[in-house]
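Student: Pasting query06.cif here (mmCIF, C-alpha atoms):
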```cif
data_my_file
#
loop_
_atom_site.group_PDB
_atom_site.id
_atom_site.type_symbol
_atom_site.label_atom_id
_atom_site.label_comp_id
_atom_site.auth_asym_id
_atom_site.auth_seq_id
_atom_site.Cartn_x
_atom_site.Cartn_y
_atom_site.Cartn_z
ATOM 1 C CA MET A 1 -18.828 -10.151 7.149
ATOM 2 C CA ILE A 2 -19.339 -13.672 5.890
ATOM 3 C CA HIS A 3 -15.699 -14.809 5.737
ATOM 4 C CA PRO A 4 -14.068 -15.000 9.192
ATOM 5 C CA PRO A 5 -10.293 -14.675 9.610
ATOM 6 C CA GLY A 6 -8.673 -18.004 8.754
ATOM 7 C CA ALA A 7 -11.368 -19.017 6.261
ATOM 8 C CA MET A 8 -10.191 -20.418 2.922
ATOM 9 C CA VAL A 9 -11.645 -18.539 -0.036
ATOM 10 C CA ARG A 10 -11.414 -18.772 -3.794
ATOM 11 C CA VAL A 11 -11.241 -15.676 -5.969
ATOM 12 C CA LYS A 12 -13.914 -16.011 -8.625
ATOM 13 C CA ASP A 13 -12.607 -16.991 -12.036
ATOM 14 C CA ASP A 14 -14.615 -14.201 -13.653
ATOM 15 C CA TRP A 15 -13.402 -12.013 -16.507
ATOM 16 C CA PRO A 16 -15.956 -9.180 -16.827
ATOM 17 C CA GLU A 17 -13.449 -7.174 -18.858
ATOM 18 C CA THR A 18 -14.009 -9.610 -21.741
ATOM 19 C CA SER A 19 -17.655 -8.555 -22.087
ATOM 20 C CA GLY A 20 -17.494 -4.763 -22.026
ATOM 21 C CA PRO A 21 -16.195 -1.699 -20.215
ATOM 22 C CA CYS A 22 -15.688 -2.202 -16.490
ATOM 23 C CA HIS A 23 -13.507 -1.174 -13.570
ATOM 24 C CA ILE A 24 -12.227 -4.061 -11.459
ATOM 25 C CA ARG A 25 -10.023 -3.945 -8.370
ATOM 26 C CA THR A 26 -9.323 -7.689 -8.401
ATOM 27 C CA PRO A 27 -5.961 -8.312 -10.098
ATOM 28 C CA HIS A 28 -6.081 -10.812 -12.978
ATOM 29 C CA TYR A 29 -3.269 -12.941 -11.525
ATOM 30 C CA LEU A 30 -5.526 -13.941 -8.607
ATOM 31 C CA ARG A 31 -8.614 -15.065 -10.493
ATOM 32 C CA GLY A 32 -9.468 -18.655 -9.601
ATOM 33 C CA HIS A 33 -6.800 -18.895 -6.876
ATOM 34 C CA VAL A 34 -7.351 -20.003 -3.288
ATOM 35 C CA GLY A 35 -6.227 -17.897 -0.351
ATOM 36 C CA GLN A 36 -6.853 -17.423 3.347
ATOM 37 C CA VAL A 37 -8.717 -14.516 4.931
ATOM 38 C CA VAL A 38 -6.422 -12.524 7.217
ATOM 39 C CA ARG A 39 -8.832 -9.854 8.389
ATOM 40 C CA ALA A 40 -11.924 -7.909 7.431
ATOM 41 C CA LEU A 41 -11.067 -4.308 6.524
ATOM 42 C CA GLY A 42 -14.531 -2.762 6.745
ATOM 43 C CA ALA A 43 -16.976 -1.884 3.985
ATOM 44 C CA PHE A 44 -16.512 0.565 1.128
ATOM 45 C CA PRO A 45 -18.627 1.786 -1.803
ATOM 46 C CA ASP A 46 -18.263 -0.665 -4.686
ATOM 47 C CA PRO A 47 -15.551 0.785 -6.966
ATOM 48 C CA GLU A 48 -17.001 -1.103 -9.939
ATOM 49 C CA ALA A 49 -20.120 1.094 -9.689
ATOM 50 C CA LEU A 50 -18.367 4.273 -8.489
ATOM 51 C CA ALA A 51 -16.166 4.306 -11.580
ATOM 52 C CA PHE A 52 -19.271 4.739 -13.746
ATOM 53 C CA ALA A 53 -21.071 7.139 -11.366
ATOM 54 C CA ARG A 54 -23.676 4.475 -10.634
ATOM 55 C CA PRO A 55 -25.239 4.040 -7.179
ATOM 56 C CA ALA A 56 -22.620 2.083 -5.247
ATOM 57 C CA ALA A 57 -23.522 -0.542 -2.649
ATOM 58 C CA ARG A 58 -21.153 -0.866 0.284
ATOM 59 C CA ARG A 59 -19.081 -4.007 -0.077
ATOM 60 C CA ALA A 60 -17.096 -5.791 2.606
ATOM 61 C CA LEU A 61 -13.353 -5.731 1.945
ATOM 62 C CA TYR A 62 -10.922 -8.436 3.100
ATOM 63 C CA HIS A 63 -7.200 -8.924 3.332
ATOM 64 C CA VAL A 64 -6.559 -12.303 1.708
ATOM 65 C CA LEU A 65 -3.212 -14.120 1.847
ATOM 66 C CA PHE A 66 -1.906 -16.327 -0.976
ATOM 67 C CA PRO A 67 1.206 -18.501 -1.070
ATOM 68 C CA GLN A 68 3.400 -16.704 -3.601
ATOM 69 C CA PRO A 69 4.506 -19.918 -5.420
ATOM 70 C CA SER A 70 0.836 -20.815 -6.051
ATOM 71 C CA LEU A 71 0.532 -17.649 -8.145
ATOM 72 C CA TRP A 72 3.866 -17.580 -9.955
ATOM 73 C CA PRO A 73 6.061 -20.426 -11.196
ATOM 74 C CA ASP A 74 9.186 -18.636 -9.975
ATOM 75 C CA GLY A 75 7.751 -18.004 -6.508
ATOM 76 C CA ARG A 76 9.805 -18.912 -3.458
ATOM 77 C CA PRO A 77 8.240 -21.347 -0.954
ATOM 78 C CA GLY A 78 7.245 -19.494 2.213
ATOM 79 C CA ASP A 79 6.780 -16.119 0.525
ATOM 80 C CA GLU A 80 3.287 -14.647 0.394
ATOM 81 C CA VAL A 81 1.108 -12.132 -1.417
ATOM 82 C CA MET A 82 -1.568 -10.272 0.560
ATOM 83 C CA VAL A 83 -4.300 -8.471 -1.373
ATOM 84 C CA GLU A 84 -7.452 -6.453 -0.608
ATOM 85 C CA ILE A 85 -10.408 -8.193 -2.246
ATOM 86 C CA PHE A 86 -14.088 -7.302 -2.138
ATOM 87 C CA GLU A 87 -16.587 -9.853 -0.847
ATOM 88 C CA HIS A 88 -18.473 -10.317 -4.108
ATOM 89 C CA TRP A 89 -15.264 -11.661 -5.669
ATOM 90 C CA LEU A 90 -14.819 -14.379 -3.030
ATOM 91 C CA GLU A 91 -16.452 -17.773 -2.615
ATOM 92 C CA PRO A 92 -15.837 -20.324 0.134
ATOM 93 C CA ALA A 93 -13.137 -22.916 -0.587
ATOM 94 C CA SER A 94 -12.272 -25.942 1.491
ATOM 95 C CA MET B 1 1.300 24.808 -31.530
ATOM 96 C CA SER B 2 2.411 22.479 -28.820
ATOM 97 C CA ASP B 3 3.806 23.827 -25.602
ATOM 98 C CA LEU B 4 6.332 21.678 -23.765
ATOM 99 C CA LEU B 5 5.049 22.956 -20.434
ATOM 100 C CA GLN B 6 1.407 22.258 -21.242
ATOM 101 C CA THR B 7 0.999 18.576 -20.446
ATOM 102 C CA ASP B 8 -2.171 16.588 -21.051
ATOM 103 C CA GLY B 9 -2.674 16.377 -17.290
ATOM 104 C CA ALA B 10 -2.382 20.137 -16.863
ATOM 105 C CA ALA B 11 -4.859 20.744 -19.694
ATOM 106 C CA LEU B 12 -7.287 18.272 -18.165
ATOM 107 C CA LEU B 13 -6.989 19.899 -14.752
ATOM 108 C CA ALA B 14 -7.507 23.369 -16.219
ATOM 109 C CA ALA B 15 -10.704 22.154 -17.880
ATOM 110 C CA LEU B 16 -11.891 20.307 -14.788
ATOM 111 C CA ARG B 17 -11.417 23.089 -12.221
ATOM 112 C CA PRO B 18 -14.240 25.379 -13.444
ATOM 113 C CA ILE B 19 -16.572 22.392 -13.833
ATOM 114 C CA LEU B 20 -15.921 21.248 -10.255
ATOM 115 C CA ALA B 21 -16.567 24.780 -9.014
ATOM 116 C CA ALA B 22 -19.730 25.236 -11.145
ATOM 117 C CA LYS B 23 -21.165 21.955 -9.873
ATOM 118 C CA GLY B 24 -20.276 22.854 -6.290
ATOM 119 C CA LEU B 25 -18.118 19.741 -5.905
ATOM 120 C CA ALA B 26 -14.837 21.455 -5.003
ATOM 121 C CA SER B 27 -14.131 25.158 -4.747
ATOM 122 C CA PRO B 28 -10.820 26.619 -5.977
ATOM 123 C CA ALA B 29 -9.911 27.253 -2.327
ATOM 124 C CA GLU B 30 -10.543 23.604 -1.419
ATOM 125 C CA ILE B 31 -8.426 22.403 -4.326
ATOM 126 C CA GLU B 32 -5.594 24.761 -3.327
ATOM 127 C CA ALA B 33 -5.806 23.591 0.288
ATOM 128 C CA ARG B 34 -5.572 19.937 -0.752
ATOM 129 C CA LEU B 35 -2.653 20.633 -3.082
ATOM 130 C CA ALA B 36 -0.851 22.470 -0.289
ATOM 131 C CA GLU B 37 -1.470 19.601 2.120
ATOM 132 C CA THR B 38 -0.133 17.057 -0.371
ATOM 133 C CA GLU B 39 2.975 19.179 -0.879
ATOM 134 C CA ARG B 40 3.559 19.259 2.893
ATOM 135 C CA ALA B 41 3.593 15.468 3.166
ATOM 136 C CA SER B 42 6.981 13.851 2.593
ATOM 137 C CA PRO B 43 8.949 10.772 3.639
ATOM 138 C CA ALA B 44 10.228 12.800 6.609
ATOM 139 C CA ARG B 45 6.717 12.698 8.031
ATOM 140 C CA GLY B 46 6.626 8.906 7.729
ATOM 141 C CA ALA B 47 10.116 8.642 9.211
ATOM 142 C CA ALA B 48 9.013 10.610 12.284
ATOM 143 C CA ILE B 49 6.094 8.227 12.735
ATOM 144 C CA VAL B 50 8.433 5.228 12.468
ATOM 145 C CA ALA B 51 10.870 6.705 14.995
ATOM 146 C CA ARG B 52 8.051 7.372 17.431
ATOM 147 C CA ALA B 53 6.812 3.805 17.010
ATOM 148 C CA TRP B 54 10.312 2.461 17.732
ATOM 149 C CA THR B 55 10.600 4.416 20.966
ATOM 150 C CA ASP B 56 7.027 4.422 22.265
ATOM 151 C CA PRO B 57 5.458 0.922 22.538
ATOM 152 C CA PRO B 58 1.895 2.111 23.337
ATOM 153 C CA PHE B 59 2.057 4.429 20.296
ATOM 154 C CA ARG B 60 3.293 1.518 18.169
ATOM 155 C CA ALA B 61 0.359 -0.626 19.316
ATOM 156 C CA ARG B 62 -2.128 2.144 18.480
ATOM 157 C CA LEU B 63 -0.480 2.772 15.110
ATOM 158 C CA LEU B 64 -0.721 -0.883 14.094
ATOM 159 C CA ALA B 65 -4.308 -1.174 15.353
ATOM 160 C CA ASP B 66 -5.630 2.046 13.752
ATOM 161 C CA GLY B 67 -3.182 3.927 11.548
ATOM 162 C CA THR B 68 -5.669 6.588 10.473
ATOM 163 C CA ALA B 69 -6.731 7.719 13.942
ATOM 164 C CA THR B 70 -3.211 7.457 15.340
ATOM 165 C CA VAL B 71 -1.535 9.676 12.731
ATOM 166 C CA GLU B 72 -4.488 12.056 12.839
ATOM 167 C CA ALA B 73 -3.793 12.498 16.545
ATOM 168 C CA LEU B 74 -0.292 13.655 15.522
ATOM 169 C CA GLY B 75 -1.889 16.475 13.529
ATOM 170 C CA ILE B 76 -1.712 14.857 10.084
ATOM 171 C CA PRO B 77 -4.957 15.693 8.253
ATOM 172 C CA MET B 78 -6.690 12.452 7.202
ATOM 173 C CA ARG B 79 -10.142 13.817 6.396
ATOM 174 C CA GLY B 80 -11.050 12.735 2.892
ATOM 175 C CA ALA B 81 -7.906 10.596 2.665
ATOM 176 C CA PRO B 82 -8.143 6.807 2.348
ATOM 177 C CA PRO B 83 -7.681 4.887 5.611
ATOM 178 C CA LEU B 84 -4.073 4.162 6.551
ATOM 179 C CA GLY B 85 -2.858 0.701 7.483
ATOM 180 C CA VAL B 86 0.593 0.131 9.001
ATOM 181 C CA LEU B 87 2.312 -3.234 8.566
ATOM 182 C CA GLU B 88 5.065 -4.189 11.002
ATOM 183 C CA ASN B 89 8.202 -5.940 9.825
ATOM 184 C CA THR B 90 9.671 -8.484 12.217
ATOM 185 C CA ALA B 91 12.780 -10.673 12.294
ATOM 186 C CA THR B 92 10.883 -13.293 10.280
ATOM 187 C CA LEU B 93 8.414 -11.272 8.183
ATOM 188 C CA HIS B 94 9.155 -8.499 5.675
ATOM 189 C CA HIS B 95 6.463 -6.478 3.896
ATOM 190 C CA LEU B 96 6.820 -5.056 0.388
ATOM 191 C CA VAL B 97 4.079 -2.704 -0.830
ATOM 192 C CA VAL B 98 3.024 -2.394 -4.457
ATOM 193 C CA CYS B 99 -0.103 -1.369 -6.344
ATOM 194 C CA THR B 100 -0.251 -3.626 -9.391
ATOM 195 C CA LEU B 101 -3.428 -1.960 -10.685
ATOM 196 C CA CYS B 102 -2.327 1.678 -10.550
ATOM 197 C CA SER B 103 -0.257 3.626 -8.034
ATOM 198 C CA CYS B 104 -2.079 3.593 -4.658
ATOM 199 C CA TYR B 105 0.331 5.057 -2.111
ATOM 200 C CA PRO B 106 0.022 6.429 1.447
ATOM 201 C CA ARG B 107 0.452 10.035 0.324
ATOM 202 C CA ALA B 108 -0.852 11.486 3.598
ATOM 203 C CA VAL B 109 2.213 10.168 5.420
ATOM 204 C CA LEU B 110 4.828 9.719 2.662
ATOM 205 C CA GLY B 111 3.961 12.397 0.097
ATOM 206 C CA TYR B 112 4.227 11.716 -3.612
ATOM 207 C CA PRO B 113 5.349 8.228 -4.610
ATOM 208 C CA PRO B 114 8.838 7.800 -6.084
ATOM 209 C CA PHE B 115 8.795 7.589 -9.898
ATOM 210 C CA TRP B 116 9.655 3.889 -10.008
ATOM 211 C CA TYR B 117 6.709 2.987 -7.763
ATOM 212 C CA LYS B 118 4.352 3.721 -10.663
ATOM 213 C CA SER B 119 6.461 1.943 -13.291
ATOM 214 C CA ALA B 120 5.147 -1.174 -15.013
ATOM 215 C CA GLY B 121 8.427 -2.923 -14.194
ATOM 216 C CA TYR B 122 8.172 -2.399 -10.443
ATOM 217 C CA ARG B 123 4.487 -3.299 -10.345
ATOM 218 C CA ALA B 124 4.910 -6.502 -12.347
ATOM 219 C CA ARG B 125 8.058 -7.720 -10.633
ATOM 220 C CA ALA B 126 7.025 -6.991 -7.040
ATOM 221 C CA VAL B 127 4.414 -9.746 -7.032
ATOM 222 C CA ARG B 128 6.336 -12.168 -9.228
ATOM 223 C CA ASP B 129 9.953 -11.861 -8.088
ATOM 224 C CA PRO B 130 10.071 -9.727 -4.933
ATOM 225 C CA ARG B 131 13.496 -10.953 -3.817
ATOM 226 C CA GLY B 132 15.073 -10.301 -7.204
ATOM 227 C CA LEU B 133 13.427 -6.878 -7.275
ATOM 228 C CA ILE B 134 14.618 -5.627 -3.898
ATOM 229 C CA ALA B 135 18.092 -7.035 -4.563
ATOM 230 C CA GLU B 136 18.400 -4.181 -7.068
ATOM 231 C CA TRP B 137 18.312 -1.846 -4.070
ATOM 232 C CA GLY B 138 20.959 -4.032 -2.443
ATOM 233 C CA THR B 139 18.409 -5.527 -0.085
ATOM 234 C CA VAL B 140 19.060 -9.177 0.698
ATOM 235 C CA LEU B 141 16.917 -10.670 3.430
ATOM 236 C CA PRO B 142 17.919 -13.645 5.573
ATOM 237 C CA GLN B 143 16.623 -16.996 4.296
ATOM 238 C CA THR B 144 14.598 -17.242 7.503
ATOM 239 C CA THR B 145 12.659 -14.071 6.677
ATOM 240 C CA ARG B 146 9.607 -14.563 4.510
ATOM 241 C CA ILE B 147 8.383 -11.819 2.218
ATOM 242 C CA ARG B 148 4.768 -10.755 2.278
ATOM 243 C CA VAL B 149 4.054 -8.696 -0.832
ATOM 244 C CA VAL B 150 1.138 -6.356 -0.152
ATOM 245 C CA ASP B 151 -0.762 -5.557 -3.335
ATOM 246 C CA SER B 152 -2.624 -2.338 -2.539
ATOM 247 C CA THR B 153 -5.669 -2.869 -4.721
ATOM 248 C CA ALA B 154 -8.523 -1.142 -2.963
ATOM 249 C CA ASP B 155 -9.492 1.426 -0.347
ATOM 250 C CA TYR B 156 -6.630 1.231 2.153
ATOM 251 C CA ARG B 157 -3.186 2.737 1.829
ATOM 252 C CA TRP B 158 -0.300 0.774 3.366
ATOM 253 C CA MET B 159 2.892 1.902 5.038
ATOM 254 C CA VAL B 160 5.604 -0.426 6.311
ATOM 255 C CA LEU B 161 6.920 -0.057 9.850
ATOM 256 C CA PRO B 162 10.499 -1.268 9.335
ATOM 257 C CA LEU B 163 12.538 -3.239 11.818
ATOM 258 C CA ARG B 164 14.645 -1.013 14.066
ATOM 259 C CA PRO B 165 18.264 -1.678 13.118
ATOM 260 C CA GLU B 166 20.871 -2.974 15.510
ATOM 261 C CA GLY B 167 23.274 -0.447 16.947
ATOM 262 C CA THR B 168 20.649 2.194 17.662
ATOM 263 C CA ALA B 169 20.121 1.598 21.378
ATOM 264 C CA GLY B 170 19.728 4.891 23.203
ATOM 265 C CA TRP B 171 19.239 6.947 20.032
ATOM 266 C CA SER B 172 16.843 9.870 20.210
ATOM 267 C CA GLU B 173 13.660 9.973 18.171
ATOM 268 C CA ALA B 174 15.218 12.608 15.870
ATOM 269 C CA GLU B 175 18.344 10.519 15.304
ATOM 270 C CA LEU B 176 16.222 7.469 14.520
ATOM 271 C CA ALA B 177 13.973 9.427 12.153
ATOM 272 C CA ALA B 178 17.029 10.618 10.211
ATOM 273 C CA LEU B 179 17.874 6.967 9.558
ATOM 274 C CA VAL B 180 14.562 6.078 7.912
ATOM 275 C CA ARG B 181 14.270 6.440 4.145
ATOM 276 C CA GLU B 182 11.320 6.406 1.814
ATOM 277 C CA GLY B 183 12.152 2.912 0.520
ATOM 278 C CA ASP B 184 12.200 1.502 4.066
ATOM 279 C CA MET B 185 8.511 2.400 4.416
ATOM 280 C CA ILE B 186 7.674 0.757 1.065
ATOM 281 C CA GLY B 187 9.807 -2.278 1.794
ATOM 282 C CA VAL B 188 12.404 -2.116 -0.990
ATOM 283 C CA THR B 189 15.104 -1.283 1.562
ATOM 284 C CA VAL B 190 15.666 -1.727 5.277
ATOM 285 C CA PRO B 191 17.118 0.910 7.620
ATOM 286 C CA ARG B 192 20.816 0.495 8.259
ATOM 287 C CA VAL B 193 23.323 2.192 10.496
ATOM 288 C CA LYS B 194 26.173 3.507 8.357
ATOM 289 C CA GLY B 195 29.691 2.451 9.227
ATOM 290 C CA ALA B 196 30.973 -0.058 11.755
ATOM 291 C CA THR B 197 32.341 2.508 14.195
ATOM 292 C CA ASP B 198 29.218 4.074 15.523
ATOM 293 C CA ALA B 199 29.323 6.695 18.251
ATOM 294 C CA HIS B 200 26.159 5.326 19.805
ATOM 295 C CA ALA B 201 27.061 1.637 19.666
#
```
Now, as a test, write the supplied structure out as structure tokens.
Tutor:
Amino acid sequence: MIHPPGAMVRVKDDWPETSGPCHIRTPHYLRGHVGQVVRALGAFPDPEALAFARPAARRALYHVLFPQPSLWPDGRPGDEVMVEIFEHWLEPAS
Amino acid sequence: MSDLLQTDGAALLAALRPILAAKGLASPAEIEARLAETERASPARGAAIVARAWTDPPFRARLLADGTATVEALGIPMRGAPPLGVLENTATLHHLVVCTLCSCYPRAVLGYPPFWYKSAGYRARAVRDPRGLIAEWGTVLPQTTRIRVVDSTADYRWMVLPLRPEGTAGWSEAELAALVREGDMIGVTVPRVKGATDAHA
């Protein structure tokens, strides 16, 4: 676990689906957005490899919290969105 | 000739079963056992867990800390099922569960998801306009309660532990369980006591 609870993280602004078949568990509406790590959820075989029957490394999974209005223009201040995101999709943000 | 009863899914399953057996991945008996187990799960199972959590504080603490092990101890088979996380609603925090990517749902404790849970409309609106969405169920939260939308995108499955409604002091576990509906454990509704003149109040 490299992101402790409370750490600010940015979801990578990557779009692998634009360059070929893939299976991604990171919703598009989060790409490039900054959130806060709530908790580590353990490690699971990488679904991006599992989906293609490739050897799957175990990836750390985190619960990350985003202010809802930062994601959607009609969001209500104070509301939140909490999402499970794998470690290789997160980079430190300050 | 097309057969109304022969869906694409059924045809796919019929083709897949012998392959799974031939490769030794899942025997017909194992598939039947899993189907039977899924059929046994229903919102009533989740409601019983909620009622127990409302009346048994140590159980509630264990449930929130480790949902999988805690429901397994109740005799709910979790082997091979994704881990279960339970999210507690409070007076100031309300959880709403959605899977925007597909239809991840805590089937081990709630059974099959309701049809709308898998709809594009529910999935899109839950993250974008959660208050407007749950208002369609008649659910209006106090301004002081913030909504935490839980997008179930990966390996966990999430169940909401709703807030115990007022007017239920002294109720038995069975009476409380009868109050809890499927939507309460997804977060589109909250448990309510029907009628103002309540025998228990």
Student: Compile the residues of chain B that lie within 8 Å of chain A, evaluated using only C-alpha atoms, and express the compilation as a ChimeraX atom specification.
Tutor: /B:100-101,127-129,146-155
Student: List the spatial neighbours of A:Gly32 as a VMD selection string - criterion: any atom at most 8 Å away, only C-alpha atoms, same-chain residues fewer than 6 positions off excluded.
Tutor: chain A and resid 10 to 14
Student: Any idea what the distance is between atom CA of B:Pro162 and atom CA of B:Leu87?
Tutor: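 That distance, rounded to one decimal, is 8.5 Å.
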Student: One decimal, Å: what's the distance from atom CA of B:Gly85 over to atom CA of B:Ile31, could you say?
Tutor: 25.3 Å
Student: For A:Ala40, which of A:Thr18, A:Ala60, A:Pro55, A:Val9 is the closest residue, counting all atoms listed in the file?
Tutor: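 Result for the nearest residue to A:Ala40: A:Ala60.
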Student: Neighbours of A:Pro4 within 9 Å (only C-alpha atoms; same-chain residues fewer than 5 positions away dropped), as a PDB file with C-alpha atoms, in the frame of the given file?
Tutor:
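File out-v5.pdb, as written:
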```pdb
ATOM      1  CA  VAL A  37      -8.717 -14.516   4.931  1.00  0.00           C
ATOM      2  CA  VAL A  38      -6.422 -12.524   7.217  1.00  0.00           C
ATOM      3  CA  ARG A  39      -8.832  -9.854   8.389  1.00  0.00           C
ATOM      4  CA  ALA A  40     -11.924  -7.909   7.431  1.00  0.00           C
TER       5      ALA A  40
END
```
Student: Translate the PyMOL selection byres ((chain B and resi 168-184) around 9) into a concrete residue list for this structure, as a PyMOL selection string.
Tutor: chain B and resi 42-52+54-55+110+113-114+160-162+164-167+185-193+200-201
Student: Rank nothing, just name the residue among A:Ser70, A:Leu50, A:Trp15, A:Trp89 nearest to A:His33, using all atoms listed in the file.
Tutor: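 So, comparing all the options, the nearest one is A:Ser70.
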Student: Which distance in Å separates atom CA of B:Ile134 and atom CA of B:Leu93, to one decimal?
Tutor: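 Between atom CA of B:Ile134 and atom CA of B:Leu93 the gap works out to 14.7 Å.
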Student: Once you add 4 Å to each side, what are the centre and edge lengths of the axis-aligned box holding all listed atoms of stretch 74-91 of chain A? One decimal in Å, as AutoDock Vina command-line options, if you can.
Tutor:
```
--center_x -4.3 --center_y -13.9 --center_z -3.9 --size_x 36.3 --size_y 22.9 --size_z 20.2
```
Student: Starting from the point (-0.4, 17.6, 13.1), work out which residues of protein, DNA or RNA have an atom no more than 12 Å away when counting only C-alpha atoms; state them as a list of chain:residue names.
Tutor: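 All residues meeting the 12 Å criterion around (-0.4, 17.6, 13.1) are B:Glu37, B:Arg40, B:Ala41, B:Arg45, B:Ala48, B:Ile49, B:Ala69, B:Thr70, B:Val71, B:Glu72, B:Ala73, B:Leu74, B:Gly75, B:Ile76, B:Pro77, B:Met78, B:Ala108, B:Val109.
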Student: Write the selection just made, keeping C-alpha atoms, as a PDB file, in the frame of the given file?
Tutor:
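Below is the file part-v2.pdb, written as the result:
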```
ATOM      1  CA  GLU B  37      -1.470  19.601   2.120  1.00  0.00           C
ATOM      2  CA  ARG B  40       3.559  19.259   2.893  1.00  0.00           C
ATOM      3  CA  ALA B  41       3.593  15.468   3.166  1.00  0.00           C
ATOM      4  CA  ARG B  45       6.717  12.698   8.031  1.00  0.00           C
ATOM      5  CA  ALA B  48       9.013  10.610  12.284  1.00  0.00           C
ATOM      6  CA  ILE B  49       6.094   8.227  12.735  1.00  0.00           C
ATOM      7  CA  ALA B  69      -6.731   7.719  13.942  1.00  0.00           C
ATOM      8  CA  THR B  70      -3.211   7.457  15.340  1.00  0.00           C
ATOM      9  CA  VAL B  71      -1.535   9.676  12.731  1.00  0.00           C
ATOM     10  CA  GLU B  72      -4.488  12.056  12.839  1.00  0.00           C
ATOM     11  CA  ALA B  73      -3.793  12.498  16.545  1.00  0.00           C
ATOM     12  CA  LEU B  74      -0.292  13.655  15.522  1.00  0.00           C
ATOM     13  CA  GLY B  75      -1.889  16.475  13.529  1.00  0.00           C
ATOM     14  CA  ILE B  76      -1.712  14.857  10.084  1.00  0.00           C
ATOM     15  CA  PRO B  77      -4.957  15.693   8.253  1.00  0.00           C
ATOM     16  CA  MET B  78      -6.690  12.452   7.202  1.00  0.00           C
ATOM     17  CA  ALA B 108      -0.852  11.486   3.598  1.00  0.00           C
ATOM     18  CA  VAL B 109       2.213  10.168   5.420  1.00  0.00           C
TER      19      VAL B 109
END
```
Student: List, as a list in words, every residue that the PyMOL selection byres ((chain A and resi 2) around 10) selects in the file provided.
Tutor: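 This file gives the following for the PyMOL selection byres ((chain A and resi 2) around 10): Met1, His3, Pro4, Pro5, Ala7, Ala40, Ala60, Glu87, Glu91 and Pro92 of chain A.
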